[in-house]
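*Asks:* Below: one structure in structure tokens.
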Amino acid sequence: MKRRCWILGTFVVLASLALFVTSTGAQPGTVKQIVPGVWFREGDLENQGHCNNIIIEMKDYLIVVDANFPSGARLAMAAAKQVSSKPVKYVFDTHHHGDHAYGNPVWTQAGATTLAYKGVAEEMKRYEPARWQATAKGRKDVGDMHLNVPEPPKQTFDKSPFILKDDTREVRFYFFGWAHTRGDGFVYLPKEKVLCTGDAVVNGPYNYTADANIGNWPAVVRGAQKLDVAHVLPGHGGPGGKDVLEGEAQFMIELHKAVGA
């Protein structure tokens, strides 16, 4: 009984910590310029299950972070057209979950190349097509794709960082280890000090741990904290500063203690 009460008390503290970092004023569906050439679109998680998207402008093309669900992909695509006339060349899947990767076919049909760390494709092989087929029964946008399996990323990398650059911007794609999933990818813009985290770091009470390694999660965040960061753009919740990274690390440290007690 005492142990159950202690765990309950710990989760109250964790919930308070989660809420501590959520006061960003962002609204679902809004597009905010973070720095010149980088935009953050807040996804409507509550009503549509969408993740956030980040649009990064290069000299001749755009990079979009996360494919989203199919319906979210179309909204992100429309947002990209609003902020720039350049085509979307790459869409980076931060991980394999449906709200971040099931929109892949929408992007590739429009001419983009989907990109991810190799662990994303490996996770799809591990968990699919069961999850896709189950999701298709409950989500019209997935069912309307008329596919039996999700589309994996068209291009993967196994050495971190993978770099895309031109004479206007450098974008680095990192893998720091197994946290939220075995394939968690980060996107970092060194000049602009912008870090896109997927669901390895969220801003608020949005952590999902079914495929996670809670014990290793803080170490992954510590890896990201070694970068020079001013802007953190999470997979869910509003944009924030580097304090969002520390909040995630501390949350997982306390959660691991509670679960292991």
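Just so we're on the same page: first chain in the structure tokens is A, next is B, and so on; residues restart at 1 for each chain, and ligands are numbered from 1 in the order they show up.
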Applying 8 Å and only C-alpha atoms, which residues near A:Gly98 remain after dropping the ones on its own chain fewer than 2 positions away? List them as JSON, numbers by chain.
*Replies:* {"A": [68, 69, 96, 100, 101, 102, 103, 132]}
*Asks:* Limited to C-alpha atoms, could you put the picked residues into a file as a compact mmCIF listing (two decimals), in the first residue's frame?
*Replies:*
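Done, and the output landed in again-v4.txt:
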# COMPACT_ATOMS: atom_id res chain seq x y z
CA ASN A 68 2.34 13.08 -40.09
CA PHE A 69 -0.86 11.13 -40.71
CA HIS A 96 7.90 5.04 -37.13
CA HIS A 100 4.79 10.81 -37.78
CA ALA A 101 5.17 8.38 -40.70
CA TYR A 102 1.84 7.14 -42.07
CA GLY A 103 1.64 10.19 -44.32
CA TRP A 132 -1.30 0.10 -39.99
*Asks:* Dump as a tab-separated table the rows for residues of stretch 168-201 of chain A within 9 Å of stretch 75-93 of chain A: closest atom pair and distance in Å with one decimal, only C-alpha atoms counted, ordered by chain and rising residue number.
*Replies:*
residue	atom	partner	partner_atom	distance
A:Phe173	CA	A:Phe92	CA	8.9
A:Asp184	CA	A:Asp93	CA	8.9
A:Gly185	CA	A:Asp93	CA	7.6
A:Val187	CA	A:Phe92	CA	8.6
A:Gly198	CA	A:Asp93	CA	8.5
*Asks:* The selected residues should be written to file as a tab-separated table (two decimals), in the first residue's frame (atoms: N, CA and C atoms).
*Replies:*
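Result went into out.tsv, see below:
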chain	number	residue	atom	x	y	z
A	173	PHE	N	21.22	15.53	-39.33
A	173	PHE	CA	20.26	14.54	-38.84
A	173	PHE	C	21.01	13.58	-37.92
A	184	ASP	N	14.74	6.87	-33.07
A	184	ASP	CA	14.54	8.31	-32.86
A	184	ASP	C	15.57	9.17	-33.58
A	185	GLY	N	15.07	10.03	-34.47
A	185	GLY	CA	15.94	10.95	-35.18
A	185	GLY	C	15.73	12.38	-34.73
A	187	VAL	N	16.75	16.56	-35.77
A	187	VAL	CA	17.19	17.45	-36.85
A	187	VAL	C	17.77	18.70	-36.22
A	198	GLY	N	11.26	15.39	-32.65
A	198	GLY	CA	10.27	14.33	-32.71
A	198	GLY	C	9.69	14.09	-31.32
*Asks:* Could you make a table, as a Markdown table, of the residues of stretch 140-213 of chain A that have an atom within 12 Å of an atom of stretch 118-130 of chain A, each with its nearest atom pair and distance in Å to one decimal, counting only C-alpha atoms, in chain and number order?
*Replies:*
| residue | atom | partner | partner_atom | distance |
| --- | --- | --- | --- | --- |
| A:Leu147 | CA | A:Pro129 | CA | 10.0 |
| A:Asn148 | CA | A:Pro129 | CA | 7.0 |
| A:Val149 | CA | A:Pro129 | CA | 5.0 |
| A:Pro150 | CA | A:Pro129 | CA | 6.9 |
| A:Glu151 | CA | A:Met124 | CA | 9.0 |
| A:Pro152 | CA | A:Ala121 | CA | 5.8 |
| A:Pro153 | CA | A:Ala121 | CA | 6.6 |
| A:Lys154 | CA | A:Ala121 | CA | 9.2 |
| A:Gln155 | CA | A:Lys118 | CA | 8.5 |
| A:Thr156 | CA | A:Lys118 | CA | 5.1 |
| A:Phe157 | CA | A:Lys118 | CA | 5.5 |
| A:Asp158 | CA | A:Lys118 | CA | 5.7 |
| A:Lys159 | CA | A:Lys118 | CA | 9.2 |
| A:Ser160 | CA | A:Lys118 | CA | 10.6 |
| A:Phe162 | CA | A:Lys118 | CA | 11.4 |
| A:Phe173 | CA | A:Lys118 | CA | 11.8 |
| A:Tyr174 | CA | A:Lys118 | CA | 11.4 |
| A:Phe175 | CA | A:Gly119 | CA | 9.1 |
| A:Phe176 | CA | A:Gly119 | CA | 11.4 |
| A:Gly177 | CA | A:Gly119 | CA | 9.7 |
| A:Trp178 | CA | A:Gly119 | CA | 9.3 |
| A:Ala179 | CA | A:Gly119 | CA | 11.9 |
| A:His180 | CA | A:Val120 | CA | 11.6 |
| A:Thr181 | CA | A:Glu123 | CA | 8.1 |
| A:Arg182 | CA | A:Gly119 | CA | 5.9 |
| A:Gly183 | CA | A:Gly119 | CA | 4.0 |
| A:Asp184 | CA | A:Val120 | CA | 7.4 |
| A:Gly185 | CA | A:Val120 | CA | 8.5 |
| A:Ala210 | CA | A:Tyr127 | CA | 11.8 |
| A:Asp211 | CA | A:Glu123 | CA | 9.5 |
| A:Ala212 | CA | A:Glu123 | CA | 11.7 |
*Asks:* Considering only C-alpha atoms, return as an MDAnalysis selection string whatever protein or nucleic-acid residues lie within 9 Å of A:Gly72, sequence-local ones (same chain, fewer than 6 positions apart) excluded.
*Replies:* chainID A and resid 43:44 48:53 99 103
*Asks:* Please produce a file of those selected residues containing C-alpha atoms, as a compact mmCIF listing (two decimals), in the first residue's frame.
*Replies:*
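That gives us again_9.txt:
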# COMPACT_ATOMS: atom_id res chain seq x y z
CA GLY A 43 -0.41 19.80 -35.06
CA ASP A 44 -3.90 19.23 -33.69
CA GLN A 48 -7.00 14.88 -35.26
CA GLY A 49 -4.08 12.98 -33.75
CA HIS A 50 -1.58 15.04 -35.72
CA CYS A 51 2.04 15.71 -34.81
CA ASN A 52 3.88 18.99 -35.29
CA ASN A 53 5.71 19.75 -38.52
CA ASP A 99 1.24 10.20 -36.54
CA GLY A 103 1.64 10.19 -44.32
*Asks:* Using atom CA of A:Ala134 and atom CA of A:Trp217 as the two end points, give the distance in Å to one decimal.
*Replies:*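 Separating atom CA of A:Ala134 from atom CA of A:Trp217 is a distance of 27.7 Å.
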*Asks:* Write out as an MDAnalysis selection string all residues of stretch 35-249 of chain A that backbone DSSP assigns to alpha helix (DSSP H).
*Replies:* chainID A and resid 45:48 70:83 98:101 104:109 118:127 130:138 140:143 217:225 243:249
*Asks:* Could you tell me how far atom CA of A:Val229 lies from atom CA of A:Cys196, in Å and to one decimal?
*Replies:*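 Taking atom CA of A:Val229 as the start and atom CA of A:Cys196 as the end point, the length is 10.2 Å.
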*Asks:* What does the distance between atom CA of A:Arg41 and atom CA of A:Ile55 come to in Å, to one decimal place?
*Replies:*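 Interatomic distance, atom CA of A:Arg41 to atom CA of A:Ile55: 7.9 Å.
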*Asks:* Out of stretch 37-200 of chain A, which residues get strand (DSSP E) from DSSP, as a PyMOL selection string?
*Replies:* chain A and resi 38-41+53-57+62-65+88-92+113-117+155-157+162-165+170-174+186-189+194-198
*Asks:* Considering only C-alpha atoms, return as a list in words whatever protein or nucleic-acid residues lie within 8 Å of A:Leu233, sequence-local ones (same chain, fewer than 6 positions apart) excluded.
*Replies:*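 These residues fall inside the cut-off: Phe40, Ile54, Val194, Leu195, Cys196, Thr197, Gly198, Pro239 and Gly240 of chain A.
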